[in-house]
Structure formats: C-alpha cells, structure tokens
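As provided, structure03.tsv (TSV, C-alpha atoms and all ligand atoms) reads as follows.
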chain	number	residue	atom	x	y	z
A	1464	MET	CA	-11.61	-37.36	51.39
A	1465	LYS	CA	-12.26	-36.39	47.80
A	1466	ALA	CA	-12.14	-32.74	48.77
A	1467	PHE	CA	-8.83	-33.16	50.56
A	1468	ILE	CA	-7.20	-34.85	47.58
A	1469	LEU	CA	-8.46	-32.07	45.36
A	1470	SER	CA	-6.81	-29.44	47.51
A	1471	VAL	CA	-3.48	-31.27	47.51
A	1472	ALA	CA	-3.58	-31.72	43.75
A	1473	LEU	CA	-4.33	-28.05	43.30
A	1474	MET	CA	-1.40	-26.97	45.42
A	1475	ALA	CA	0.84	-29.46	43.70
A	1476	GLY	CA	-0.10	-28.01	40.34
A	1477	LEU	CA	0.92	-24.56	41.46
A	1478	THR	CA	4.20	-25.81	42.80
A	1479	VAL	CA	5.22	-27.67	39.68
A	1480	SER	CA	4.51	-24.92	37.22
A	1481	ALA	CA	5.74	-21.98	39.27
A	1482	GLN	CA	9.23	-22.70	40.47
A	1483	ARG	CA	12.61	-24.21	40.17
A	1484	VAL	CA	13.14	-23.38	43.83
A	1485	ASN	CA	10.54	-24.81	46.19
A	1486	GLN	CA	9.01	-23.00	49.15
A	1487	CYS	CA	11.83	-24.18	51.38
A	1488	GLY	CA	14.40	-22.55	49.10
A	1489	ILE	CA	15.51	-25.88	47.67
A	1490	ILE	CA	16.58	-26.01	44.05
A	1491	ILE	CA	14.83	-28.90	42.34
A	1492	PRO	CA	17.53	-31.44	41.44
A	1493	PRO	CA	17.78	-32.82	37.90
A	1494	GLN	CA	16.11	-36.14	37.10
A	1495	ARG	CA	18.28	-39.20	37.71
A	1496	PRO	CA	17.47	-42.79	36.87
A	1497	ASN	CA	18.78	-43.93	40.27
A	1498	THR	CA	16.14	-45.04	42.71
A	1499	SER	CA	16.25	-45.45	46.44
A	1500	PHE	CA	12.90	-44.74	48.03
A	1501	SER	CA	10.90	-47.67	46.74
A	1502	SER	CA	7.55	-46.93	48.32
A	1503	VAL	CA	5.64	-44.71	50.66
A	1504	TYR	CA	6.42	-47.12	53.47
A	1505	GLU	CA	10.14	-46.55	53.30
A	1506	ALA	CA	9.85	-42.79	53.71
A	1507	ARG	CA	7.42	-43.43	56.53
A	1508	ASP	CA	9.95	-45.72	58.18
A	1509	TYR	CA	12.56	-42.99	58.09
A	1510	VAL	CA	10.13	-40.53	59.59
A	1511	ASN	CA	9.25	-42.99	62.36
A	1512	THR	CA	12.93	-43.58	63.10
A	1513	MET	CA	13.45	-39.83	63.35
A	1514	LEU	CA	10.48	-39.44	65.67
A	1515	ASP	CA	11.84	-42.19	67.90
A	1516	SER	CA	15.27	-40.58	67.95
A	1517	ILE	CA	13.89	-37.47	69.62
A	1518	ASN	CA	10.98	-39.02	71.51
A	1519	TRP	CA	8.44	-36.95	69.69
A	1520	LYS	CA	4.94	-38.13	69.01
A	1521	GLU	CA	4.06	-36.89	65.53
A	1522	ASN	CA	1.41	-34.24	65.01
A	1523	PHE	CA	1.35	-34.69	61.24
A	1524	THR	CA	0.40	-37.22	58.60
A	1525	ILE	CA	2.81	-38.22	55.83
A	1526	ARG	CA	1.45	-38.50	52.31
A	1527	GLU	CA	3.02	-39.57	49.04
A	1528	GLN	CA	2.09	-37.44	46.04
A	1529	ASN	CA	4.06	-38.40	42.97
A	1530	GLY	CA	4.62	-35.98	40.15
A	1531	ILE	CA	4.95	-32.83	42.27
A	1532	ASN	CA	8.77	-32.90	42.27
A	1533	ASN	CA	8.78	-31.58	45.80
A	1534	ALA	CA	8.54	-32.26	49.50
A	1535	TYR	CA	6.82	-29.80	51.76
A	1536	ALA	CA	5.08	-29.26	55.07
A	1537	THR	CA	1.56	-27.94	54.97
A	1538	ILE	CA	-1.67	-27.57	56.88
A	1539	ILE	CA	-4.95	-28.52	55.26
A	1540	ARG	CA	-8.23	-28.17	57.13
A	1541	GLY	CA	-6.39	-27.73	60.38
A	1542	GLN	CA	-4.40	-30.95	59.90
A	1543	ARG	CA	-0.65	-31.02	59.48
A	1544	TYR	CA	0.87	-32.96	56.58
A	1545	ILE	CA	4.21	-33.74	55.04
A	1546	VAL	CA	3.65	-34.27	51.33
A	1547	TYR	CA	6.49	-35.68	49.26
A	1548	ASP	CA	7.29	-37.10	45.84
A	1549	ASN	CA	9.33	-40.32	45.81
A	1550	ASN	CA	11.05	-39.40	42.55
A	1551	PHE	CA	12.05	-36.03	43.92
A	1552	LEU	CA	13.71	-37.66	46.94
A	1553	GLU	CA	15.40	-40.25	44.74
A	1554	ASN	CA	16.76	-37.57	42.41
A	1555	LEU	CA	18.00	-35.66	45.40
A	1556	ASP	CA	19.90	-38.66	46.79
A	1557	ALA	CA	21.44	-39.36	43.41
A	1558	TYR	CA	22.44	-35.73	42.99
A	1559	ALA	CA	23.94	-35.38	46.48
A	1560	ARG	CA	25.34	-38.95	46.31
A	1561	THR	CA	24.02	-39.93	49.68
A	1562	LYS	CA	20.82	-41.33	51.08
A	1563	TRP	CA	21.14	-38.86	53.93
A	1564	ALA	CA	20.11	-36.09	51.54
A	1565	SER	CA	16.49	-37.15	51.27
A	1566	ILE	CA	16.36	-38.03	54.96
A	1567	SER	CA	17.55	-34.56	55.90
A	1568	VAL	CA	14.89	-32.98	53.69
A	1569	LEU	CA	12.21	-35.03	55.43
A	1570	ALA	CA	13.74	-33.96	58.76
A	1571	HIS	CA	13.61	-30.32	57.63
A	1572	GLU	CA	9.90	-30.63	56.82
A	1573	MET	CA	9.31	-32.32	60.19
A	1574	GLY	CA	11.08	-29.37	61.76
A	1575	HIS	CA	8.46	-27.01	60.38
A	1576	HIS	CA	5.75	-28.99	62.17
A	1577	TYR	CA	7.85	-29.43	65.30
A	1578	ARG	CA	8.27	-25.68	65.54
A	1579	ASN	CA	4.62	-25.09	64.64
A	1580	HIS	CA	5.38	-23.24	61.44
A	1581	VAL	CA	3.02	-22.67	58.60
A	1582	VAL	CA	4.78	-22.78	55.26
A	1583	SER	CA	2.59	-21.58	52.44
A	1584	THR	CA	3.04	-22.43	48.77
A	1585	SER	CA	4.04	-18.83	48.16
A	1586	GLY	CA	6.99	-19.15	50.49
A	1587	SER	CA	8.27	-19.33	54.01
A	1588	THR	CA	10.41	-16.87	55.98
A	1589	PRO	CA	14.18	-17.04	56.46
A	1590	ALA	CA	13.76	-17.38	60.24
A	1591	LYS	CA	11.46	-20.40	59.89
A	1592	GLU	CA	13.78	-22.02	57.37
A	1593	LEU	CA	16.76	-21.64	59.71
A	1594	GLU	CA	14.78	-23.19	62.57
A	1595	ALA	CA	13.82	-26.15	60.39
A	1596	ASP	CA	17.46	-26.48	59.26
A	1597	TYR	CA	18.62	-26.48	62.88
A	1598	PHE	CA	16.10	-29.19	63.67
A	1599	SER	CA	17.30	-31.19	60.68
A	1600	GLY	CA	20.92	-30.97	61.86
A	1601	TYR	CA	19.88	-32.08	65.33
A	1602	VAL	CA	17.92	-35.08	64.08
A	1603	MET	CA	20.66	-36.11	61.63
A	1604	ALA	CA	23.14	-36.26	64.49
A	1605	LYS	CA	20.71	-38.35	66.54
A	1606	LEU	CA	20.45	-40.79	63.63
A	1607	GLY	CA	24.22	-41.06	63.37
A	1608	ALA	CA	24.89	-38.98	60.27
A	1609	THR	CA	28.23	-37.22	60.05
A	1610	LEU	CA	28.19	-33.45	59.79
A	1611	ASP	CA	28.98	-33.71	56.08
A	1612	GLU	CA	26.10	-36.14	55.59
A	1613	ALA	CA	23.75	-33.87	57.53
A	1614	ARG	CA	24.75	-30.95	55.29
A	1615	ALA	CA	24.90	-32.88	52.00
A	1616	ALA	CA	21.46	-31.97	50.67
A	1617	MET	CA	21.75	-28.30	51.54
A	1618	GLN	CA	25.26	-28.17	50.14
A	1619	GLN	CA	23.92	-29.36	46.79
A	1620	ILE	CA	20.53	-27.78	46.47
A	1621	ALA	CA	20.24	-24.69	48.67
A	1622	SER	CA	19.85	-21.49	46.78
A	1623	PRO	CA	23.19	-19.64	47.19
A	1624	THR	CA	21.61	-16.24	47.75
A	1625	ALA	CA	19.06	-15.12	50.32
A	1626	SER	CA	15.59	-13.94	49.35
A	1627	SER	CA	12.54	-12.67	51.21
A	1628	THR	CA	11.46	-16.28	51.72
A	1629	HIS	CA	14.69	-18.17	52.36
A	1630	PRO	CA	18.17	-17.61	53.78
A	1631	ALA	CA	21.44	-17.91	51.88
A	1632	LYS	CA	23.11	-21.29	51.68
A	1633	ALA	CA	25.95	-20.34	54.03
A	1634	ASP	CA	23.51	-19.40	56.79
A	1635	ARG	CA	21.54	-22.58	56.31
A	1636	LEU	CA	24.65	-24.76	56.49
A	1637	ASN	CA	25.59	-22.89	59.65
A	1638	SER	CA	22.19	-23.58	61.18
A	1639	ILE	CA	22.42	-27.31	60.38
A	1640	THR	CA	25.88	-27.34	61.94
A	1641	LYS	CA	24.58	-25.69	65.12
A	1642	GLY	CA	21.78	-28.24	65.44
A	1643	TRP	CA	24.18	-31.10	64.81
A	1644	ASN	CA	26.65	-29.73	67.37
A	1645	TYR	CA	23.88	-29.22	69.90
A	1646	ALA	CA	22.95	-32.90	69.64
A	1647	TRP	CA	26.54	-33.86	70.32
A	1648	GLY	CA	26.83	-31.48	73.25
A	1649	VAL	CA	29.41	-29.30	71.54
A	1650	ASN	CA	29.52	-25.78	73.03
A	1651	ASN	CA	26.86	-26.86	75.41
A	1652	ASN	CA	27.64	-26.64	79.12
A	1653	ASN	CA	24.32	-27.79	80.44
A	1654	ASN	CA	24.98	-31.45	79.79
A	1655	ASN	CA	21.60	-31.70	78.12
A	1656	GLN	CA	22.72	-33.10	74.81
A	1657	ASN	CA	19.93	-35.62	74.86
A	1658	ASN	CA	17.22	-33.02	74.83
A	1659	PRO	CA	15.83	-31.93	71.49
A	1660	PRO	CA	15.52	-28.23	70.75
A	1661	ALA	CA	12.50	-26.78	72.50
A	1662	PRO	CA	9.35	-26.97	70.41
A	1663	GLN	CA	7.11	-23.95	70.14
A	1664	PRO	CA	4.15	-24.23	72.48
A	1665	GLN	CA	1.32	-25.88	70.56
A	1666	GLN	CA	-0.69	-23.11	69.07
A	1667	ASN	CA	-4.37	-23.42	69.50
A	1668	PRO	CA	-6.13	-23.23	67.09
A	1669	PRO	CA	-3.80	-24.34	64.28
A	1670	PRO	CA	-2.04	-21.36	62.78
A	1671	ALA	CA	-3.26	-21.88	59.20
A	1672	SER	CA	-6.45	-20.22	60.28
A	1673	THR	CA	-5.19	-16.65	59.97
A	1674	ASP	CA	-7.01	-16.68	56.61
A	1675	ALA	CA	-10.33	-15.00	57.44
A	1676	SER	CA	-12.30	-17.28	55.13
A	1677	TRP	CA	-11.66	-20.31	57.35
A	1678	ILE	CA	-14.45	-21.38	59.70
A	1679	TYR	CA	-13.87	-21.79	63.42
A	1680	LEU	CA	-16.28	-24.19	65.04
A	1681	SER	CA	-16.19	-24.16	68.83
A	1682	LEU	CA	-17.92	-26.51	71.20
A	1683	TYR	CA	-19.20	-25.15	74.51
A	1684	GLY	CA	-19.98	-28.21	76.54
A	1685	ASN	CA	-18.69	-30.60	79.17
A	1686	SER	CA	-17.51	-33.34	76.86
A	1687	ASP	CA	-16.16	-33.82	73.36
A	1688	MET	CA	-18.60	-34.40	70.53
A	1689	THR	CA	-18.48	-35.92	67.05
A	1690	VAL	CA	-20.20	-33.97	64.30
A	1691	TYR	CA	-20.37	-34.51	60.54
A	1692	LEU	CA	-19.33	-32.04	57.85
A	1693	SER	CA	-20.21	-32.09	54.16
A	1694	ASP	CA	-18.91	-30.19	51.15
A	1695	ASP	CA	-21.86	-31.10	48.93
A	1696	GLY	CA	-24.70	-31.78	51.34
A	1697	LYS	CA	-24.64	-35.48	50.44
A	1698	THR	CA	-21.43	-37.04	51.73
A	1699	PHE	CA	-20.64	-36.30	55.36
A	1700	GLN	CA	-17.25	-36.72	57.01
A	1701	GLU	CA	-16.72	-37.25	60.72
A	1702	ALA	CA	-15.18	-34.32	62.61
A	1703	PRO	CA	-14.20	-34.82	66.24
A	1704	LEU	CA	-14.73	-31.64	68.28
A	1705	LYS	CA	-12.91	-31.01	71.52
A	1706	THR	CA	-14.22	-28.64	74.12
A	1707	THR	CA	-10.72	-27.21	74.52
A	1708	GLN	CA	-10.01	-26.11	70.96
A	1709	PRO	CA	-11.89	-24.75	67.95
A	1710	PHE	CA	-12.08	-26.99	64.89
A	1711	VAL	CA	-10.75	-24.95	61.97
A	1712	PHE	CA	-11.70	-25.88	58.43
A	1713	LYS	CA	-12.89	-24.86	55.00
A	1714	PHE	CA	-15.34	-26.43	52.61
A	1715	GLU	CA	-14.01	-27.25	49.16
A	1716	VAL	CA	-16.91	-27.22	46.68
A	1717	TYR	CA	-18.72	-23.99	47.57
A	1718	ASN	CA	-17.92	-21.23	50.02
A	1719	TYR	CA	-20.38	-22.91	52.35
A	1720	GLY	CA	-21.19	-26.43	53.48
A	1721	TRP	CA	-23.18	-28.43	55.98
A	1722	LEU	CA	-22.83	-29.45	59.59
A	1723	ARG	CA	-24.88	-32.30	61.02
A	1724	PHE	CA	-25.14	-33.88	64.44
A	1725	SER	CA	-27.60	-35.91	66.44
A	1726	ASN	CA	-28.75	-35.53	69.98
A	1727	SER	CA	-31.73	-36.46	72.08
A	1728	SER	CA	-34.07	-34.23	70.07
A	1729	GLY	CA	-33.08	-35.79	66.73
A	1730	THR	CA	-30.69	-35.02	63.89
A	1731	LYS	CA	-30.03	-31.41	62.97
A	1732	THR	CA	-28.37	-30.03	59.84
A	1733	TYR	CA	-27.02	-26.50	59.57
A	1734	ARG	CA	-25.52	-24.59	56.65
A	1735	LEU	CA	-22.22	-22.91	57.55
A	1736	ASN	CA	-20.62	-20.12	55.52
A	1737	HIS	CA	-16.96	-19.34	54.99
A	1738	GLY	CA	-15.75	-16.25	56.81
A	1739	LYS	CA	-18.02	-16.91	59.80
A	1740	ASP	CA	-17.39	-18.57	63.13
A	1741	TYR	CA	-19.87	-20.83	64.87
A	1742	ALA	CA	-20.41	-22.27	68.29
A	1743	ILE	CA	-22.31	-25.33	69.41
A	1744	VAL	CA	-24.02	-24.46	72.67
A	1745	TRP	CA	-26.62	-25.97	74.95
A	1746	SER	CA	-29.98	-24.27	74.73
A	1747	ARG	CA	-31.86	-24.34	77.99
A	1748	ARG	CA	-35.13	-23.42	76.31
A	1749	SER	CA	-35.15	-26.10	73.61
A	1750	ASN	CA	-33.32	-28.51	75.90
A	1751	SER	CA	-30.92	-29.49	73.10
A	1752	TRP	CA	-27.63	-28.59	71.43
A	1753	THR	CA	-27.85	-25.82	68.89
A	1754	VAL	CA	-25.53	-23.92	66.53
A	1755	ILE	CA	-25.17	-20.18	66.74
A	1756	GLU	CA	-23.11	-17.80	64.65
A	1757	VAL	CA	-20.44	-16.06	66.67
A	1758	PRO	CA	-20.81	-12.32	65.98
B	1	ZN	ZN	11.45	-25.27	54.84
Whole structure given in structure tokens:
Amino acid sequence: MKAFILSVALMAGLTVSAQRVNQCGIIIPPQRPNTSFSSVYEARDYVNTMLDSINWKENFTIREQNGINNAYATIIRGQRYIVYDNNFLENLDAYARTKWASISVLAHEMGHHYRNHVVSTSGSTPAKELEADYFSGYVMAKLGATLDEARAAMQQIASPTASSTHPAKADRLNSITKGWNYAWGVNNNNNNQNNPPAPQPQQNPPPASTDASWIYLSLYGNSDMTVYLSDDGKTFQEAPLKTTQPFVFKFEVYNYGWLRFSNSSGTKTYRLNHGKDYAIVWSRRSNSWTVIEVP
C-alpha cells in the first residue's frame, strides 16, 4: 500500500505545480470558504447513487486526496481509481453556485472509467472528454438535475477554447446536452430512454499497460491463483491472478521486484524485471508451478 500512496502523491505533485487547467480541461476554480462535501463518505454516497441510477457495478475505487486541487480518473497498477480533493469540489460548487457542479464532475470522471478511457496526467483527448461529458449529462438527468444544473460546472470552468487535449466549451456543453436529452428520450425513437449509453467492451488487459515498462503476468492453469508481490523483497502484497486475464503492474522502488507463491513443492520466490512479461505455467518435469519469461 505504501507504494501505491507514493505513486498517487507523485502524480498529485505534478498536477498541482503544472497547471491551472486540469487534464480534463477544467479550469481550477478560485478558493472559496464555502463547504459542502464534508467527508470522503459524502462523495462516495453520490457516486453510489449515480451507479444505482444506471445499474452499473463500479469497476473503480474512489479515493480522497486533499491538497491536489483536482479530481481525476486514473489507472494505477491495473486498478481504476477516481481521485478527488474535497476542497476542490467545494470550491467548484461555491463558484458554480450549485451542488450539482461537483456531482457532475464526479460523473464525468466516472464516465472515463465507464467508457474504458485512460486519462494520463499529461492530458486526455477531445474525443474522450466529449464521451465523458455525454455520460455526465446522461447521469445528471437520471439523478433529476435540470439541463442547466447538469451544465453548470462546465459552463463555469470549461476552457473556452479547444486544445490538443480537450474540446472547446461549446462542444462540451453540447455533449452534456445530448447525454441529458438521451436520458429523457428526446430525439430518440427507440423508446430506450432507460438504457445508459453503451459502455466500451471491457478491454483486457487494462489499457494503462501500453507503457512497455509495465509487467504482464499471465497464469496458464485451470483455476485462479493468489500470488504475492513485493517492491522491496520484504513486504509482500496479495495479487489475485485470473486464468482469463494478465495481471498488469509495476514495482515502485526499483525497476524490478519479487513474486512469491506456494504450491505442493514449497514456496518459490522469483525476481521480475520491468519491461518483461512472465507466465506461470505447470512444469510436467518438476511436477510444480514455475515462472518463465515470455520471449
Ligand atoms: Zn475528463
């Protein structure tokens, strides 16, 4: 867990120092004394309400990280997260003069996970942002927000001009409107206003792994297996492997780390290097599970 926190803190540091506009093209609102989100649990409640409204079982974890002045969707070690700063959301609500502002930003970040996007700290793409905006509009309608309420945050804080990473405000407002209309069945002849926008098929493995330094660990066996991974060779963390999908991860201390598992022939520990892929396979000759490097 220590390693995970380190990586979040690192990313947060970059975000704070680098930009007035975050990776979703949102202009950071000025500080306001007003408060609304009182704790991590309240934001979580909103997220749960949104999930219920579209019958979606979450594929992400929500994490409070104060001081980053931001809210963003990310993937760390193959796991999806929404990371947010309470104060940022409070400032946003005060600035837009509605609680719906922060809710719509959380919905936007959910939209990135729903559509299986990867949004890096260096920026997204306009197409992904418009998809997340559409999703936000859809969810806002499901929660009972008016169109103005659904658009309030974007109206206040979207960057007016397009860039290589985000669309212009007018296009984003339009996308929110389309999602909101879709939920209400406006311009929709199929009478399917209760269906959420189609998610992308779940990509397998998680898309963050396009970075060649990540390690893919595949299990070739009949049943799932729990192994243990360590950044420092001392503390091991549980990693559940599924036979159907590679486990994609990176070590945090060095560009290598350790894999350990037990089977009938005892406990084995292997050193794994970044930039390599590995498979756990059954060895007929040694009559045990073994790790091989995938060429
Ligand atoms: Zn975004």
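Of the residues under consideration (A:Ala1536, A:Ile1743, A:Glu1594, A:Ser1728), A:Ile1743 shows the shortest atom-to-atom contact distance to A:Asp1687 when counting only C-alpha atoms.
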(request) Find the residues near ligand ZN 1 (chain B). Use a cut-off of 8 Å, count all atoms listed in the file, and write them as a PyMOL selection string. (result) chain A and resi 1486-1488+1535-1536+1571-1572+1575+1582+1587+1591-1592+1595-1596
(message) Calculated over all atoms listed in the file, which of the candidates A:Thr1588, A:Asn1718, A:Ser1627, A:Asn1750 has the smallest distance to A:Asn1736?
(response) A:Asn1718
(message) Residues within 8 Å of A:Leu1593, please, as a PyMOL selection string. Count all atoms listed in the file; anything in the same chain fewer than 2 positions from it doesn't count.
(response) chain A and resi 1589-1591+1595-1597+1630+1634-1635+1638
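Straight-line separation from atom CA of A:Tyr1717 to atom CA of A:Ser1693: 10.5 Å.
In this model, the gap between atom CA of A:Leu1569 and atom CA of A:Glu1505 comes to 11.9 Å.
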(message) Nearest residue to A:Gln1708 out of A:Ala1742, A:Ile1531, A:Leu1555, A:Met1603, using only C-alpha atoms?
(response) A:Ala1742
Can you tell me, as a CSV table (one decimal) with C-alpha atoms, in the frame of the given file, what residues are no more than 6 Å from A:Tyr1547 when counting all atoms listed in the file, ignoring any on the same chain fewer than 5 positions away?
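Generated file (out15.csv):
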chain,number,residue,atom,x,y,z
A,1527,GLU,CA,3.0,-39.6,49.0
A,1528,GLN,CA,2.1,-37.4,46.0
A,1533,ASN,CA,8.8,-31.6,45.8
A,1534,ALA,CA,8.5,-32.3,49.5
Save stretch 1530-1553 of chain A of the structure in the block above to a file, with N, CA and C atoms included, as a PDB file, in the first residue's frame.
ATOM      1  N   GLY A1530      -5.544  18.444  -1.068  1.00  0.00           N
ATOM      2  CA  GLY A1530      -4.375  19.242  -1.409  1.00  0.00           C
ATOM      3  C   GLY A1530      -4.022  19.208  -2.888  1.00  0.00           C
ATOM      4  N   ILE A1531      -4.659  18.355  -3.676  1.00  0.00           N
ATOM      5  CA  ILE A1531      -4.293  18.262  -5.089  1.00  0.00           C
ATOM      6  C   ILE A1531      -5.082  19.245  -5.954  1.00  0.00           C
ATOM      7  N   ASN A1532      -6.140  19.819  -5.388  1.00  0.00           N
ATOM      8  CA  ASN A1532      -6.955  20.795  -6.112  1.00  0.00           C
ATOM      9  C   ASN A1532      -7.430  20.239  -7.453  1.00  0.00           C
ATOM     10  N   ASN A1533      -7.990  19.042  -7.420  1.00  0.00           N
ATOM     11  CA  ASN A1533      -8.283  18.347  -8.655  1.00  0.00           C
ATOM     12  C   ASN A1533      -9.217  17.168  -8.394  1.00  0.00           C
ATOM     13  N   ALA A1534      -9.768  16.667  -9.470  1.00  0.00           N
ATOM     14  CA  ALA A1534     -10.474  15.383  -9.444  1.00  0.00           C
ATOM     15  C   ALA A1534     -10.153  14.723 -10.764  1.00  0.00           C
ATOM     16  N   TYR A1535      -9.735  13.485 -10.726  1.00  0.00           N
ATOM     17  CA  TYR A1535      -9.370  12.855 -11.990  1.00  0.00           C
ATOM     18  C   TYR A1535      -9.548  11.347 -11.939  1.00  0.00           C
ATOM     19  N   ALA A1536      -9.651  10.762 -13.120  1.00  0.00           N
ATOM     20  CA  ALA A1536      -9.740   9.312 -13.263  1.00  0.00           C
ATOM     21  C   ALA A1536      -8.359   8.809 -13.645  1.00  0.00           C
ATOM     22  N   THR A1537      -7.950   7.721 -13.052  1.00  0.00           N
ATOM     23  CA  THR A1537      -6.628   7.204 -13.384  1.00  0.00           C
ATOM     24  C   THR A1537      -6.585   5.695 -13.212  1.00  0.00           C
ATOM     25  N   ILE A1538      -5.509   5.119 -13.702  1.00  0.00           N
ATOM     26  CA  ILE A1538      -5.277   3.685 -13.534  1.00  0.00           C
ATOM     27  C   ILE A1538      -3.889   3.517 -12.931  1.00  0.00           C
ATOM     28  N   ILE A1539      -3.835   2.836 -11.798  1.00  0.00           N
ATOM     29  CA  ILE A1539      -2.563   2.585 -11.143  1.00  0.00           C
ATOM     30  C   ILE A1539      -2.447   1.095 -10.922  1.00  0.00           C
ATOM     31  N   ARG A1540      -1.365   0.521 -11.399  1.00  0.00           N
ATOM     32  CA  ARG A1540      -1.164  -0.934 -11.251  1.00  0.00           C
ATOM     33  C   ARG A1540      -2.358  -1.730 -11.737  1.00  0.00           C
ATOM     34  N   GLY A1541      -2.909  -1.300 -12.850  1.00  0.00           N
ATOM     35  CA  GLY A1541      -4.016  -2.057 -13.427  1.00  0.00           C
ATOM     36  C   GLY A1541      -5.352  -1.850 -12.725  1.00  0.00           C
ATOM     37  N   GLN A1542      -5.389  -1.013 -11.697  1.00  0.00           N
ATOM     38  CA  GLN A1542      -6.635  -0.748 -10.984  1.00  0.00           C
ATOM     39  C   GLN A1542      -7.137   0.648 -11.332  1.00  0.00           C
ATOM     40  N   ARG A1543      -8.438   0.751 -11.520  1.00  0.00           N
ATOM     41  CA  ARG A1543      -9.032   2.045 -11.831  1.00  0.00           C
ATOM     42  C   ARG A1543      -9.373   2.816 -10.558  1.00  0.00           C
ATOM     43  N   TYR A1544      -9.102   4.118 -10.572  1.00  0.00           N
ATOM     44  CA  TYR A1544      -9.395   4.975  -9.422  1.00  0.00           C
ATOM     45  C   TYR A1544     -10.033   6.279  -9.869  1.00  0.00           C
ATOM     46  N   ILE A1545     -10.884   6.830  -8.996  1.00  0.00           N
ATOM     47  CA  ILE A1545     -11.225   8.245  -9.087  1.00  0.00           C
ATOM     48  C   ILE A1545     -10.605   8.897  -7.858  1.00  0.00           C
ATOM     49  N   VAL A1546      -9.731   9.853  -8.099  1.00  0.00           N
ATOM     50  CA  VAL A1546      -9.053  10.548  -7.011  1.00  0.00           C
ATOM     51  C   VAL A1546      -9.601  11.969  -6.987  1.00  0.00           C
ATOM     52  N   TYR A1547      -9.962  12.462  -5.803  1.00  0.00           N
ATOM     53  CA  TYR A1547     -10.536  13.802  -5.768  1.00  0.00           C
ATOM     54  C   TYR A1547     -10.121  14.516  -4.485  1.00  0.00           C
ATOM     55  N   ASP A1548     -10.192  15.826  -4.549  1.00  0.00           N
ATOM     56  CA  ASP A1548      -9.871  16.695  -3.418  1.00  0.00           C
ATOM     57  C   ASP A1548     -11.181  17.339  -2.963  1.00  0.00           C
ATOM     58  N   ASN A1549     -11.547  17.122  -1.705  1.00  0.00           N
ATOM     59  CA  ASN A1549     -12.782  17.711  -1.165  1.00  0.00           C
ATOM     60  C   ASN A1549     -12.848  19.213  -1.389  1.00  0.00           C
ATOM     61  N   ASN A1550     -11.736  19.893  -1.084  1.00  0.00           N
ATOM     62  CA  ASN A1550     -11.745  21.358  -1.181  1.00  0.00           C
ATOM     63  C   ASN A1550     -11.987  21.810  -2.612  1.00  0.00           C
ATOM     64  N   PHE A1551     -11.408  21.076  -3.539  1.00  0.00           N
ATOM     65  CA  PHE A1551     -11.609  21.403  -4.948  1.00  0.00           C
ATOM     66  C   PHE A1551     -13.095  21.324  -5.307  1.00  0.00           C
ATOM     67  N   LEU A1552     -13.757  20.257  -4.859  1.00  0.00           N
ATOM     68  CA  LEU A1552     -15.178  20.090  -5.177  1.00  0.00           C
ATOM     69  C   LEU A1552     -16.027  21.151  -4.482  1.00  0.00           C
ATOM     70  N   GLU A1553     -15.628  21.483  -3.261  1.00  0.00           N
ATOM     71  CA  GLU A1553     -16.350  22.536  -2.531  1.00  0.00           C
ATOM     72  C   GLU A1553     -16.212  23.888  -3.233  1.00  0.00           C
TER      73      GLU A1553
END
